[in-house]
file query-v3.txt (compact mmCIF, N, CA and C atoms)
# COMPACT_ATOMS: atom_id res chain seq x y z
N MET A 25 10.20 -1.07 -26.24
CA MET A 25 10.03 -1.24 -24.82
C MET A 25 9.91 0.11 -24.12
N ILE A 26 10.72 1.08 -24.54
CA ILE A 26 10.65 2.40 -23.92
C ILE A 26 9.34 3.08 -24.28
N ALA A 27 8.89 2.90 -25.52
CA ALA A 27 7.63 3.52 -25.93
C ALA A 27 6.47 2.99 -25.10
N THR A 28 6.51 1.68 -24.80
CA THR A 28 5.46 1.08 -23.99
C THR A 28 5.44 1.69 -22.59
N SER A 29 6.64 1.87 -22.00
CA SER A 29 6.68 2.43 -20.66
C SER A 29 6.22 3.88 -20.67
N ASN A 30 6.56 4.63 -21.73
CA ASN A 30 6.09 6.01 -21.81
C ASN A 30 4.58 6.04 -21.93
N LEU A 31 4.01 5.13 -22.72
CA LEU A 31 2.56 5.06 -22.83
C LEU A 31 1.94 4.66 -21.49
N GLY A 32 2.59 3.72 -20.80
CA GLY A 32 2.08 3.31 -19.49
C GLY A 32 2.08 4.45 -18.51
N SER A 33 3.11 5.28 -18.52
CA SER A 33 3.15 6.43 -17.63
C SER A 33 2.07 7.44 -17.99
N ALA A 34 1.91 7.68 -19.31
CA ALA A 34 0.89 8.63 -19.74
C ALA A 34 -0.50 8.09 -19.44
N ARG A 35 -0.69 6.79 -19.60
CA ARG A 35 -1.98 6.18 -19.33
C ARG A 35 -2.34 6.32 -17.86
N MET A 36 -1.35 6.24 -16.99
CA MET A 36 -1.62 6.38 -15.56
C MET A 36 -2.19 7.76 -15.26
N ILE A 37 -1.64 8.76 -15.89
CA ILE A 37 -2.10 10.12 -15.63
C ILE A 37 -3.49 10.34 -16.22
N THR A 38 -3.75 9.77 -17.40
CA THR A 38 -5.02 10.03 -18.04
C THR A 38 -6.16 9.18 -17.49
N THR A 39 -5.90 7.97 -17.03
CA THR A 39 -6.99 7.12 -16.56
C THR A 39 -7.26 7.28 -15.07
N THR A 40 -6.29 7.67 -14.32
CA THR A 40 -6.47 7.88 -12.89
C THR A 40 -6.44 9.37 -12.62
N PRO A 41 -7.49 9.91 -12.01
CA PRO A 41 -7.46 11.35 -11.73
C PRO A 41 -6.33 11.69 -10.76
N PRO A 42 -5.78 12.87 -10.87
CA PRO A 42 -4.66 13.25 -9.98
C PRO A 42 -5.01 13.13 -8.50
N ILE A 43 -6.24 13.42 -8.13
CA ILE A 43 -6.62 13.28 -6.72
C ILE A 43 -6.59 11.81 -6.31
N GLY A 44 -6.88 10.91 -7.24
CA GLY A 44 -6.80 9.49 -6.96
C GLY A 44 -5.38 9.05 -6.69
N ILE A 45 -4.45 9.59 -7.46
CA ILE A 45 -3.04 9.26 -7.26
C ILE A 45 -2.57 9.81 -5.91
N LEU A 46 -2.95 11.05 -5.61
CA LEU A 46 -2.51 11.67 -4.35
C LEU A 46 -3.10 10.97 -3.12
N ILE A 47 -4.30 10.44 -3.25
CA ILE A 47 -4.90 9.73 -2.12
C ILE A 47 -4.36 8.32 -2.04
N ASP A 48 -4.12 7.68 -3.18
CA ASP A 48 -3.70 6.28 -3.18
C ASP A 48 -2.25 6.11 -2.73
N LEU A 49 -1.38 7.03 -3.06
CA LEU A 49 0.04 6.85 -2.73
C LEU A 49 0.31 6.69 -1.24
N PRO A 50 -0.23 7.53 -0.35
CA PRO A 50 0.02 7.28 1.08
C PRO A 50 -0.59 5.98 1.57
N PHE A 51 -1.80 5.65 1.07
CA PHE A 51 -2.40 4.39 1.48
C PHE A 51 -1.59 3.20 0.98
N GLY A 52 -1.04 3.31 -0.22
CA GLY A 52 -0.20 2.24 -0.75
C GLY A 52 1.08 2.07 0.05
N VAL A 53 1.70 3.18 0.41
CA VAL A 53 2.92 3.10 1.22
C VAL A 53 2.60 2.49 2.58
N LEU A 54 1.50 2.89 3.19
CA LEU A 54 1.11 2.31 4.48
C LEU A 54 0.80 0.82 4.35
N MET A 55 0.16 0.42 3.24
CA MET A 55 -0.14 -0.99 3.04
C MET A 55 1.15 -1.81 2.94
N TRP A 56 2.10 -1.32 2.15
CA TRP A 56 3.35 -2.08 1.98
C TRP A 56 4.20 -2.05 3.24
N THR A 57 4.21 -0.94 3.97
CA THR A 57 4.98 -0.93 5.22
C THR A 57 4.32 -1.80 6.28
N SER A 58 3.00 -1.90 6.27
CA SER A 58 2.31 -2.82 7.20
C SER A 58 2.65 -4.26 6.86
N THR A 59 2.71 -4.57 5.58
CA THR A 59 3.08 -5.93 5.16
C THR A 59 4.52 -6.23 5.58
N ALA A 60 5.43 -5.28 5.36
CA ALA A 60 6.82 -5.49 5.76
C ALA A 60 6.93 -5.62 7.28
N HIS A 61 6.15 -4.85 8.02
CA HIS A 61 6.15 -4.94 9.48
C HIS A 61 5.69 -6.33 9.93
N PHE A 62 4.62 -6.82 9.30
CA PHE A 62 4.14 -8.16 9.65
C PHE A 62 5.20 -9.22 9.36
N LEU A 63 5.84 -9.12 8.21
CA LEU A 63 6.87 -10.11 7.85
C LEU A 63 8.04 -10.06 8.82
N LEU A 64 8.40 -8.87 9.26
CA LEU A 64 9.51 -8.77 10.22
C LEU A 64 9.14 -9.32 11.59
N ILE A 65 7.91 -9.07 12.06
CA ILE A 65 7.58 -9.56 13.40
C ILE A 65 7.27 -11.05 13.40
N THR A 66 7.16 -11.67 12.23
CA THR A 66 7.02 -13.13 12.24
C THR A 66 8.34 -13.80 12.59
N VAL A 67 9.46 -13.11 12.36
CA VAL A 67 10.77 -13.71 12.66
C VAL A 67 11.49 -13.00 13.81
N MET A 68 10.91 -11.90 14.31
CA MET A 68 11.53 -11.15 15.39
C MET A 68 10.50 -10.88 16.48
N ASN A 69 10.97 -10.43 17.64
CA ASN A 69 10.06 -9.99 18.70
C ASN A 69 9.38 -8.69 18.30
N GLU A 70 8.14 -8.52 18.76
CA GLU A 70 7.41 -7.30 18.44
C GLU A 70 8.08 -6.06 19.01
N ASP A 71 8.67 -6.18 20.17
CA ASP A 71 9.29 -5.03 20.83
C ASP A 71 10.80 -4.98 20.62
N SER A 72 11.27 -5.54 19.53
CA SER A 72 12.69 -5.56 19.22
C SER A 72 13.21 -4.14 18.99
N ALA A 73 14.48 -3.92 19.27
CA ALA A 73 15.10 -2.61 19.07
C ALA A 73 15.73 -2.48 17.69
N PHE A 74 15.46 -3.42 16.81
CA PHE A 74 15.98 -3.38 15.44
C PHE A 74 15.50 -2.09 14.76
N ALA A 75 16.42 -1.37 14.13
CA ALA A 75 16.12 -0.03 13.62
C ALA A 75 14.99 -0.03 12.59
N LEU A 76 15.01 -0.95 11.65
CA LEU A 76 13.98 -0.99 10.62
C LEU A 76 12.60 -1.26 11.24
N LEU A 77 12.56 -2.12 12.22
CA LEU A 77 11.29 -2.42 12.89
C LEU A 77 10.77 -1.20 13.65
N ARG A 78 11.67 -0.44 14.27
CA ARG A 78 11.24 0.79 14.96
C ARG A 78 10.70 1.82 13.97
N ILE A 79 11.33 1.93 12.81
CA ILE A 79 10.86 2.87 11.79
C ILE A 79 9.49 2.47 11.28
N LEU A 80 9.31 1.17 11.01
CA LEU A 80 8.02 0.69 10.52
C LEU A 80 6.93 0.88 11.56
N ARG A 81 7.25 0.65 12.83
CA ARG A 81 6.27 0.88 13.90
C ARG A 81 5.89 2.35 13.97
N GLY A 82 6.87 3.23 13.81
CA GLY A 82 6.59 4.66 13.86
C GLY A 82 5.74 5.14 12.70
N ILE A 83 6.02 4.62 11.50
CA ILE A 83 5.25 5.02 10.32
C ILE A 83 3.82 4.53 10.43
N ASN A 84 3.64 3.31 10.90
CA ASN A 84 2.33 2.68 10.90
C ASN A 84 1.52 2.91 12.17
N ALA A 85 2.08 3.56 13.17
CA ALA A 85 1.36 3.75 14.44
C ALA A 85 0.00 4.42 14.28
N PRO A 86 -0.13 5.49 13.48
CA PRO A 86 -1.46 6.10 13.35
C PRO A 86 -2.50 5.17 12.72
N ILE A 87 -2.11 4.42 11.71
CA ILE A 87 -3.08 3.52 11.07
C ILE A 87 -3.43 2.37 12.00
N TYR A 88 -2.47 1.90 12.79
CA TYR A 88 -2.78 0.83 13.75
C TYR A 88 -3.75 1.33 14.82
N ALA A 89 -3.61 2.57 15.25
CA ALA A 89 -4.54 3.12 16.24
C ALA A 89 -5.95 3.19 15.67
N ALA A 90 -6.07 3.55 14.40
CA ALA A 90 -7.39 3.61 13.76
C ALA A 90 -7.96 2.22 13.54
N ILE A 91 -7.11 1.28 13.15
CA ILE A 91 -7.56 -0.10 12.88
C ILE A 91 -8.00 -0.79 14.17
N ARG A 92 -7.35 -0.47 15.29
CA ARG A 92 -7.74 -1.08 16.58
C ARG A 92 -9.20 -0.79 16.92
N LEU A 93 -9.72 0.32 16.44
CA LEU A 93 -11.11 0.69 16.74
C LEU A 93 -12.11 -0.22 16.03
N ILE A 94 -11.72 -0.80 14.89
CA ILE A 94 -12.66 -1.61 14.11
C ILE A 94 -12.30 -3.09 14.07
N LYS A 95 -11.15 -3.46 14.61
CA LYS A 95 -10.74 -4.87 14.50
C LYS A 95 -11.53 -5.75 15.47
N PRO A 96 -11.85 -6.97 15.03
CA PRO A 96 -12.53 -7.91 15.93
C PRO A 96 -11.60 -8.35 17.07
N ASN A 97 -12.18 -8.81 18.15
CA ASN A 97 -11.39 -9.21 19.33
C ASN A 97 -10.56 -10.46 19.09
N PHE A 98 -10.93 -11.31 18.14
CA PHE A 98 -10.18 -12.54 17.94
C PHE A 98 -8.86 -12.33 17.19
N ILE A 99 -8.62 -11.15 16.68
CA ILE A 99 -7.35 -10.86 15.99
C ILE A 99 -6.33 -10.43 17.04
N ILE A 100 -5.27 -11.22 17.16
CA ILE A 100 -4.24 -10.93 18.16
C ILE A 100 -3.36 -9.78 17.67
N SER A 101 -2.60 -9.22 18.59
CA SER A 101 -1.81 -8.02 18.27
C SER A 101 -0.73 -8.30 17.22
N ARG A 102 -0.21 -9.52 17.17
CA ARG A 102 0.81 -9.83 16.15
C ARG A 102 0.23 -9.84 14.74
N LEU A 103 -1.07 -10.02 14.61
CA LEU A 103 -1.71 -10.01 13.30
C LEU A 103 -2.23 -8.64 12.90
N LEU A 104 -2.12 -7.66 13.78
CA LEU A 104 -2.64 -6.32 13.48
C LEU A 104 -2.01 -5.72 12.22
N PRO A 105 -0.70 -5.83 11.99
CA PRO A 105 -0.15 -5.28 10.74
C PRO A 105 -0.73 -5.95 9.48
N LEU A 106 -0.94 -7.25 9.54
CA LEU A 106 -1.51 -7.95 8.40
C LEU A 106 -2.97 -7.54 8.19
N TYR A 107 -3.72 -7.39 9.27
CA TYR A 107 -5.11 -6.94 9.19
C TYR A 107 -5.17 -5.52 8.64
N ALA A 108 -4.25 -4.66 9.08
CA ALA A 108 -4.21 -3.29 8.57
C ALA A 108 -3.90 -3.28 7.08
N ALA A 109 -2.96 -4.12 6.64
CA ALA A 109 -2.63 -4.20 5.21
C ALA A 109 -3.84 -4.68 4.41
N LEU A 110 -4.59 -5.63 4.95
CA LEU A 110 -5.79 -6.12 4.26
C LEU A 110 -6.85 -5.03 4.16
N ILE A 111 -7.08 -4.30 5.23
CA ILE A 111 -8.06 -3.21 5.21
C ILE A 111 -7.62 -2.14 4.21
N LEU A 112 -6.34 -1.80 4.20
CA LEU A 112 -5.85 -0.79 3.26
C LEU A 112 -5.95 -1.28 1.81
N PHE A 113 -5.70 -2.58 1.60
CA PHE A 113 -5.85 -3.13 0.24
C PHE A 113 -7.30 -3.04 -0.21
N ILE A 114 -8.22 -3.41 0.65
CA ILE A 114 -9.65 -3.34 0.30
C ILE A 114 -10.04 -1.89 0.01
N LEU A 115 -9.55 -0.98 0.83
CA LEU A 115 -9.83 0.43 0.61
C LEU A 115 -9.28 0.89 -0.74
N ARG A 116 -8.04 0.51 -1.05
CA ARG A 116 -7.41 0.94 -2.30
C ARG A 116 -8.00 0.26 -3.53
N TYR A 117 -8.37 -1.00 -3.42
CA TYR A 117 -8.80 -1.76 -4.59
C TYR A 117 -10.28 -1.59 -4.89
N TYR A 118 -11.10 -1.43 -3.85
CA TYR A 118 -12.55 -1.36 -4.06
C TYR A 118 -13.13 0.03 -3.80
N LEU A 119 -12.82 0.64 -2.66
CA LEU A 119 -13.49 1.87 -2.28
C LEU A 119 -12.99 3.11 -3.03
N LEU A 120 -11.67 3.30 -3.09
CA LEU A 120 -11.15 4.49 -3.76
C LEU A 120 -11.52 4.56 -5.24
N PRO A 121 -11.39 3.49 -6.01
CA PRO A 121 -11.83 3.58 -7.41
C PRO A 121 -13.32 3.88 -7.55
N LEU A 122 -14.12 3.34 -6.65
CA LEU A 122 -15.56 3.59 -6.71
C LEU A 122 -15.88 5.05 -6.40
N VAL A 123 -15.25 5.60 -5.38
CA VAL A 123 -15.53 6.97 -4.96
C VAL A 123 -14.95 7.99 -5.94
N LEU A 124 -13.72 7.73 -6.42
CA LEU A 124 -13.05 8.71 -7.27
C LEU A 124 -13.28 8.50 -8.76
N GLY A 125 -13.87 7.38 -9.14
CA GLY A 125 -14.25 7.17 -10.53
C GLY A 125 -13.15 6.75 -11.47
N PHE A 126 -12.28 5.83 -11.05
CA PHE A 126 -11.31 5.27 -11.99
C PHE A 126 -11.35 3.76 -11.89
N ASP A 127 -10.87 3.10 -12.93
CA ASP A 127 -10.94 1.64 -13.00
C ASP A 127 -9.62 1.01 -12.57
N VAL A 128 -9.73 -0.07 -11.83
CA VAL A 128 -8.58 -0.89 -11.47
C VAL A 128 -8.92 -2.30 -11.91
N TRP A 129 -8.18 -2.79 -12.90
CA TRP A 129 -8.45 -4.11 -13.46
C TRP A 129 -7.61 -5.20 -12.83
N GLY A 130 -6.60 -4.84 -12.12
CA GLY A 130 -5.74 -5.83 -11.48
C GLY A 130 -4.82 -5.13 -10.51
N PHE A 131 -4.04 -5.93 -9.81
CA PHE A 131 -3.15 -5.38 -8.80
C PHE A 131 -2.11 -4.45 -9.41
N ALA A 132 -1.64 -4.78 -10.61
CA ALA A 132 -0.62 -3.94 -11.26
C ALA A 132 -1.20 -2.64 -11.80
N ASN A 133 -2.51 -2.49 -11.82
CA ASN A 133 -3.14 -1.26 -12.31
C ASN A 133 -3.44 -0.26 -11.20
N MET A 134 -3.11 -0.59 -9.98
CA MET A 134 -3.30 0.37 -8.90
C MET A 134 -2.24 1.47 -9.05
N PRO A 135 -2.56 2.71 -8.71
CA PRO A 135 -1.65 3.83 -9.03
C PRO A 135 -0.22 3.68 -8.52
N LEU A 136 -0.02 3.31 -7.27
CA LEU A 136 1.34 3.18 -6.75
C LEU A 136 2.09 2.06 -7.45
N GLU A 137 1.46 0.92 -7.62
CA GLU A 137 2.12 -0.21 -8.25
C GLU A 137 2.41 0.07 -9.72
N ARG A 138 1.49 0.75 -10.39
CA ARG A 138 1.72 1.11 -11.79
C ARG A 138 2.89 2.07 -11.91
N LEU A 139 2.98 3.01 -10.97
CA LEU A 139 4.10 3.95 -10.97
C LEU A 139 5.42 3.22 -10.75
N LEU A 140 5.45 2.28 -9.82
CA LEU A 140 6.67 1.52 -9.56
C LEU A 140 7.05 0.64 -10.74
N LEU A 141 6.06 0.00 -11.38
CA LEU A 141 6.35 -0.84 -12.54
C LEU A 141 6.83 -0.02 -13.72
N SER A 142 6.28 1.17 -13.92
CA SER A 142 6.74 2.01 -15.03
C SER A 142 8.15 2.53 -14.74
N ALA A 143 8.46 2.84 -13.49
CA ALA A 143 9.83 3.27 -13.14
C ALA A 143 10.81 2.11 -13.34
N LYS A 144 10.37 0.90 -13.02
CA LYS A 144 11.22 -0.27 -13.22
C LYS A 144 11.53 -0.46 -14.70
N SER A 145 10.51 -0.33 -15.55
CA SER A 145 10.75 -0.52 -16.99
C SER A 145 11.56 0.64 -17.56
N ASP A 146 11.39 1.84 -17.03
CA ASP A 146 12.19 2.98 -17.50
C ASP A 146 13.67 2.79 -17.16
N LEU A 147 13.94 2.17 -16.03
CA LEU A 147 15.32 1.91 -15.63
C LEU A 147 15.92 0.69 -16.32
N GLY A 148 15.07 -0.08 -17.00
CA GLY A 148 15.53 -1.25 -17.72
C GLY A 148 15.77 -2.45 -16.84
N LEU A 149 15.11 -2.50 -15.71
CA LEU A 149 15.28 -3.64 -14.78
C LEU A 149 14.32 -4.75 -15.09
call {"tool": "encode", "arguments": {"input": "query-v3.txt", "output": "structure tokens"}}
result
Amino acid sequence: MIATSNLGSARMITTTPPIGILIDLPFGVLMWTSTAHFLLITVMNEDSAFALLRILRGINAPIYAAIRLIKPNFIISRLLPLYAALILFILRYYLLPLVLGFDVWGFANMPLERLLLSAKSDLGL
């Protein structure tokens, strides 16, 4: 099991160029924080003073400002985090591999997710 995780870590470095990892990691973090933001505002007010919600709003504010420029008018503001996560997923899954020249065969093969899964197996979880 450990040998497999070591191979998985080495495979990540050899199949994904380092620039791909460096570009994908911030987009991946923004995608997951946008998803978490959407999940939180489905059960809370958008302008809540809850600390985690304020942190997520602060992290995602620049991407939301950029997404507002391209979002259709029928998407309400409560769906903006979900729309941003979808745009970031499309960017990470289709555009980045095409531009940087690496293959993504599934969701678990994306650089951030592969890194997290290899860390999970290294920890024995």
call {"tool": "atom_distance", "arguments": {"input": "query-v3.txt", "atom1": "CA of Leu80 (chain A)", "atom2": "atom N of Lys95 (chain A)"}}
result
20.0 Å
call {"tool": "closest_residue", "arguments": {"input": "query-v3.txt", "among": "A:Pro50, A:Pro96, A:Pro41, A:Pro105", "to": "Pro121 (chain A)", "atoms": "only C-alpha atoms"}}
result
A:Pro41
call {"tool": "residues_around", "arguments": {"input": "query-v3.txt", "residues": "Leu141 (chain A)", "least_positions_apart": "5", "cutoff": "8 Å", "atoms": "only N, CA and C atoms", "output": "VMD selection string"}}
result
chain A and resid 29 132 135 to 136 146 to 147
call {"tool": "write_last_selection", "arguments": {"input": "query-v3.txt", "atoms": "N, CA and C atoms", "output": "compact mmCIF listing (two decimals), keeping the file's coordinate frame"}}
result
# COMPACT_ATOMS: atom_id res chain seq x y z
N SER A 29 6.64 1.87 -22.00
CA SER A 29 6.68 2.43 -20.66
C SER A 29 6.22 3.88 -20.67
N ALA A 132 -1.64 -4.78 -10.61
CA ALA A 132 -0.62 -3.94 -11.26
C ALA A 132 -1.20 -2.64 -11.80
N PRO A 135 -2.56 2.71 -8.71
CA PRO A 135 -1.65 3.83 -9.03
C PRO A 135 -0.22 3.68 -8.52
N LEU A 136 -0.02 3.31 -7.27
CA LEU A 136 1.34 3.18 -6.75
C LEU A 136 2.09 2.06 -7.45
N ASP A 146 11.39 1.84 -17.03
CA ASP A 146 12.19 2.98 -17.50
C ASP A 146 13.67 2.79 -17.16
N LEU A 147 13.94 2.17 -16.03
CA LEU A 147 15.32 1.91 -15.63
C LEU A 147 15.92 0.69 -16.32
call {"tool": "atom_distance", "arguments": {"input": "query-v3.txt", "atom1": "CA of Ile111 (chain A)", "atom2": "CA of Ile83 (chain A)"}}
result
16.5 Å
call {"tool": "atom_distance", "arguments": {"input": "query-v3.txt", "atom1": "atom C of Trp129 (chain A)", "atom2": "atom C of Tyr88 (chain A)"}}
result
28.7 Å
call {"tool": "residues_around", "arguments": {"input": "query-v3.txt", "residues": "region 114-120 of chain A", "least_positions_apart": "6", "cutoff": "7 Å", "atoms": "all atoms listed in the file", "output": "VMD selection string"}}
result
chain A and resid 48 126 128
call {"tool": "select_by_dssp", "arguments": {"input": "query-v3.txt", "residues": "region 56-142 of chain A", "states": "alpha helix (DSSP H)", "output": "PyMOL selection string"}}
result
chain A and resi 56-67+75-92+104-114+120-124+135-142
call {"tool": "write_last_selection", "arguments": {"input": "query-v3.txt", "atoms": "N, CA and C atoms", "output": "compact mmCIF listing (two decimals), in the frame of the given file"}}
result
# COMPACT_ATOMS: atom_id res chain seq x y z
N TRP A 56 2.10 -1.32 2.15
CA TRP A 56 3.35 -2.08 1.98
C TRP A 56 4.20 -2.05 3.24
N THR A 57 4.21 -0.94 3.97
CA THR A 57 4.98 -0.93 5.22
C THR A 57 4.32 -1.80 6.28
N SER A 58 3.00 -1.90 6.27
CA SER A 58 2.31 -2.82 7.20
C SER A 58 2.65 -4.26 6.86
N THR A 59 2.71 -4.57 5.58
CA THR A 59 3.08 -5.93 5.16
C THR A 59 4.52 -6.23 5.58
N ALA A 60 5.43 -5.28 5.36
CA ALA A 60 6.82 -5.49 5.76
C ALA A 60 6.93 -5.62 7.28
N HIS A 61 6.15 -4.85 8.02
CA HIS A 61 6.15 -4.94 9.48
C HIS A 61 5.69 -6.33 9.93
N PHE A 62 4.62 -6.82 9.30
CA PHE A 62 4.14 -8.16 9.65
C PHE A 62 5.20 -9.22 9.36
N LEU A 63 5.84 -9.12 8.21
CA LEU A 63 6.87 -10.11 7.85
C LEU A 63 8.04 -10.06 8.82
N LEU A 64 8.40 -8.87 9.26
CA LEU A 64 9.51 -8.77 10.22
C LEU A 64 9.14 -9.32 11.59
N ILE A 65 7.91 -9.07 12.06
CA ILE A 65 7.58 -9.56 13.40
C ILE A 65 7.27 -11.05 13.40
N THR A 66 7.16 -11.67 12.23
CA THR A 66 7.02 -13.13 12.24
C THR A 66 8.34 -13.80 12.59
N VAL A 67 9.46 -13.11 12.36
CA VAL A 67 10.77 -13.71 12.66
C VAL A 67 11.49 -13.00 13.81
N ALA A 75 16.42 -1.37 14.13
CA ALA A 75 16.12 -0.03 13.62
C ALA A 75 14.99 -0.03 12.59
N LEU A 76 15.01 -0.95 11.65
CA LEU A 76 13.98 -0.99 10.62
C LEU A 76 12.60 -1.26 11.24
N LEU A 77 12.56 -2.12 12.22
CA LEU A 77 11.29 -2.42 12.89
C LEU A 77 10.77 -1.20 13.65
N ARG A 78 11.67 -0.44 14.27
CA ARG A 78 11.24 0.79 14.96
C ARG A 78 10.70 1.82 13.97
N ILE A 79 11.33 1.93 12.81
CA ILE A 79 10.86 2.87 11.79
C ILE A 79 9.49 2.47 11.28
N LEU A 80 9.31 1.17 11.01
CA LEU A 80 8.02 0.69 10.52
C LEU A 80 6.93 0.88 11.56
N ARG A 81 7.25 0.65 12.83
CA ARG A 81 6.27 0.88 13.90
C ARG A 81 5.89 2.35 13.97
N GLY A 82 6.87 3.23 13.81
CA GLY A 82 6.59 4.66 13.86
C GLY A 82 5.74 5.14 12.70
N ILE A 83 6.02 4.62 11.50
CA ILE A 83 5.25 5.02 10.32
C ILE A 83 3.82 4.53 10.43
N ASN A 84 3.64 3.31 10.90
CA ASN A 84 2.33 2.68 10.90
C ASN A 84 1.52 2.91 12.17
N ALA A 85 2.08 3.56 13.17
CA ALA A 85 1.36 3.75 14.44
C ALA A 85 0.00 4.42 14.28
N PRO A 86 -0.13 5.49 13.48
CA PRO A 86 -1.46 6.10 13.35
C PRO A 86 -2.50 5.17 12.72
N ILE A 87 -2.11 4.42 11.71
CA ILE A 87 -3.08 3.52 11.07
C ILE A 87 -3.43 2.37 12.00
N TYR A 88 -2.47 1.90 12.79
CA TYR A 88 -2.78 0.83 13.75
C TYR A 88 -3.75 1.33 14.82
N ALA A 89 -3.61 2.57 15.25
CA ALA A 89 -4.54 3.12 16.24
C ALA A 89 -5.95 3.19 15.67
N ALA A 90 -6.07 3.55 14.40
CA ALA A 90 -7.39 3.61 13.76
C ALA A 90 -7.96 2.22 13.54
N ILE A 91 -7.11 1.28 13.15
CA ILE A 91 -7.56 -0.10 12.88
C ILE A 91 -8.00 -0.79 14.17
N ARG A 92 -7.35 -0.47 15.29
CA ARG A 92 -7.74 -1.08 16.58
C ARG A 92 -9.20 -0.79 16.92
N LEU A 104 -2.12 -7.66 13.78
CA LEU A 104 -2.64 -6.32 13.48
C LEU A 104 -2.01 -5.72 12.22
N PRO A 105 -0.70 -5.83 11.99
CA PRO A 105 -0.15 -5.28 10.74
C PRO A 105 -0.73 -5.95 9.48
N LEU A 106 -0.94 -7.25 9.54
CA LEU A 106 -1.51 -7.95 8.40
C LEU A 106 -2.97 -7.54 8.19
N TYR A 107 -3.72 -7.39 9.27
CA TYR A 107 -5.11 -6.94 9.19
C TYR A 107 -5.17 -5.52 8.64
N ALA A 108 -4.25 -4.66 9.08
CA ALA A 108 -4.21 -3.29 8.57
C ALA A 108 -3.90 -3.28 7.08
N ALA A 109 -2.96 -4.12 6.64
CA ALA A 109 -2.63 -4.20 5.21
C ALA A 109 -3.84 -4.68 4.41
N LEU A 110 -4.59 -5.63 4.95
CA LEU A 110 -5.79 -6.12 4.26
C LEU A 110 -6.85 -5.03 4.16
N ILE A 111 -7.08 -4.30 5.23
CA ILE A 111 -8.06 -3.21 5.21
C ILE A 111 -7.62 -2.14 4.21
N LEU A 112 -6.34 -1.80 4.20
CA LEU A 112 -5.85 -0.79 3.26
C LEU A 112 -5.95 -1.28 1.81
N PHE A 113 -5.70 -2.58 1.60
CA PHE A 113 -5.85 -3.13 0.24
C PHE A 113 -7.30 -3.04 -0.21
N ILE A 114 -8.22 -3.41 0.65
CA ILE A 114 -9.65 -3.34 0.30
C ILE A 114 -10.04 -1.89 0.01
N LEU A 120 -11.67 3.30 -3.09
CA LEU A 120 -11.15 4.49 -3.76
C LEU A 120 -11.52 4.56 -5.24
N PRO A 121 -11.39 3.49 -6.01
CA PRO A 121 -11.83 3.58 -7.41
C PRO A 121 -13.32 3.88 -7.55
N LEU A 122 -14.12 3.34 -6.65
CA LEU A 122 -15.56 3.59 -6.71
C LEU A 122 -15.88 5.05 -6.40
N VAL A 123 -15.25 5.60 -5.38
CA VAL A 123 -15.53 6.97 -4.96
C VAL A 123 -14.95 7.99 -5.94
N LEU A 124 -13.72 7.73 -6.42
CA LEU A 124 -13.05 8.71 -7.27
C LEU A 124 -13.28 8.50 -8.76
N PRO A 135 -2.56 2.71 -8.71
CA PRO A 135 -1.65 3.83 -9.03
C PRO A 135 -0.22 3.68 -8.52
N LEU A 136 -0.02 3.31 -7.27
CA LEU A 136 1.34 3.18 -6.75
C LEU A 136 2.09 2.06 -7.45
N GLU A 137 1.46 0.92 -7.62
CA GLU A 137 2.12 -0.21 -8.25
C GLU A 137 2.41 0.07 -9.72
N ARG A 138 1.49 0.75 -10.39
CA ARG A 138 1.72 1.11 -11.79
C ARG A 138 2.89 2.07 -11.91
N LEU A 139 2.98 3.01 -10.97
CA LEU A 139 4.10 3.95 -10.97
C LEU A 139 5.42 3.22 -10.75
N LEU A 140 5.45 2.28 -9.82
CA LEU A 140 6.67 1.52 -9.56
C LEU A 140 7.05 0.64 -10.74
N LEU A 141 6.06 0.00 -11.38
CA LEU A 141 6.35 -0.84 -12.54
C LEU A 141 6.83 -0.02 -13.72
N SER A 142 6.28 1.17 -13.92
CA SER A 142 6.74 2.01 -15.03
C SER A 142 8.15 2.53 -14.74
call {"tool": "residues_around", "arguments": {"input": "query-v3.txt", "residues": "Leu106 (chain A)", "least_positions_apart": "6", "cutoff": "8 Å", "atoms": "all atoms listed in the file", "output": "list in words"}}
result
Ser58, Thr59, Ala60, His61, Phe62, Leu63 and Leu112 of chain A
call {"tool": "closest_residue", "arguments": {"input": "query-v3.txt", "among": "A:Ile45, A:Leu54, A:Val67, A:Ile94", "to": "Phe113 (chain A)", "atoms": "only N, CA and C atoms"}}
result
A:Leu54
call {"tool": "closest_residue", "arguments": {"input": "query-v3.txt", "among": "A:Val123, A:Ala109, A:Ile43, A:Ala143", "to": "Trp56 (chain A)", "atoms": "only N, CA and C atoms"}}
result
A:Ala109
call {"tool": "closest_residue", "arguments": {"input": "query-v3.txt", "among": "A:Ile91, A:Asp127, A:Leu77, A:Ser101", "to": "Thr39 (chain A)", "atoms": "all atoms listed in the file"}}
result
A:Asp127
call {"tool": "axis_aligned_box", "arguments": {"input": "query-v3.txt", "around": "region 101-112 of chain A", "padding_each_side": "4 Å", "output": "lines of an AutoDock Vina configuration file"}}
result
center_x = -3.6
center_y = -5.4
center_z = 10.2
size_x = 16.9
size_y = 17.2
size_z = 24.8
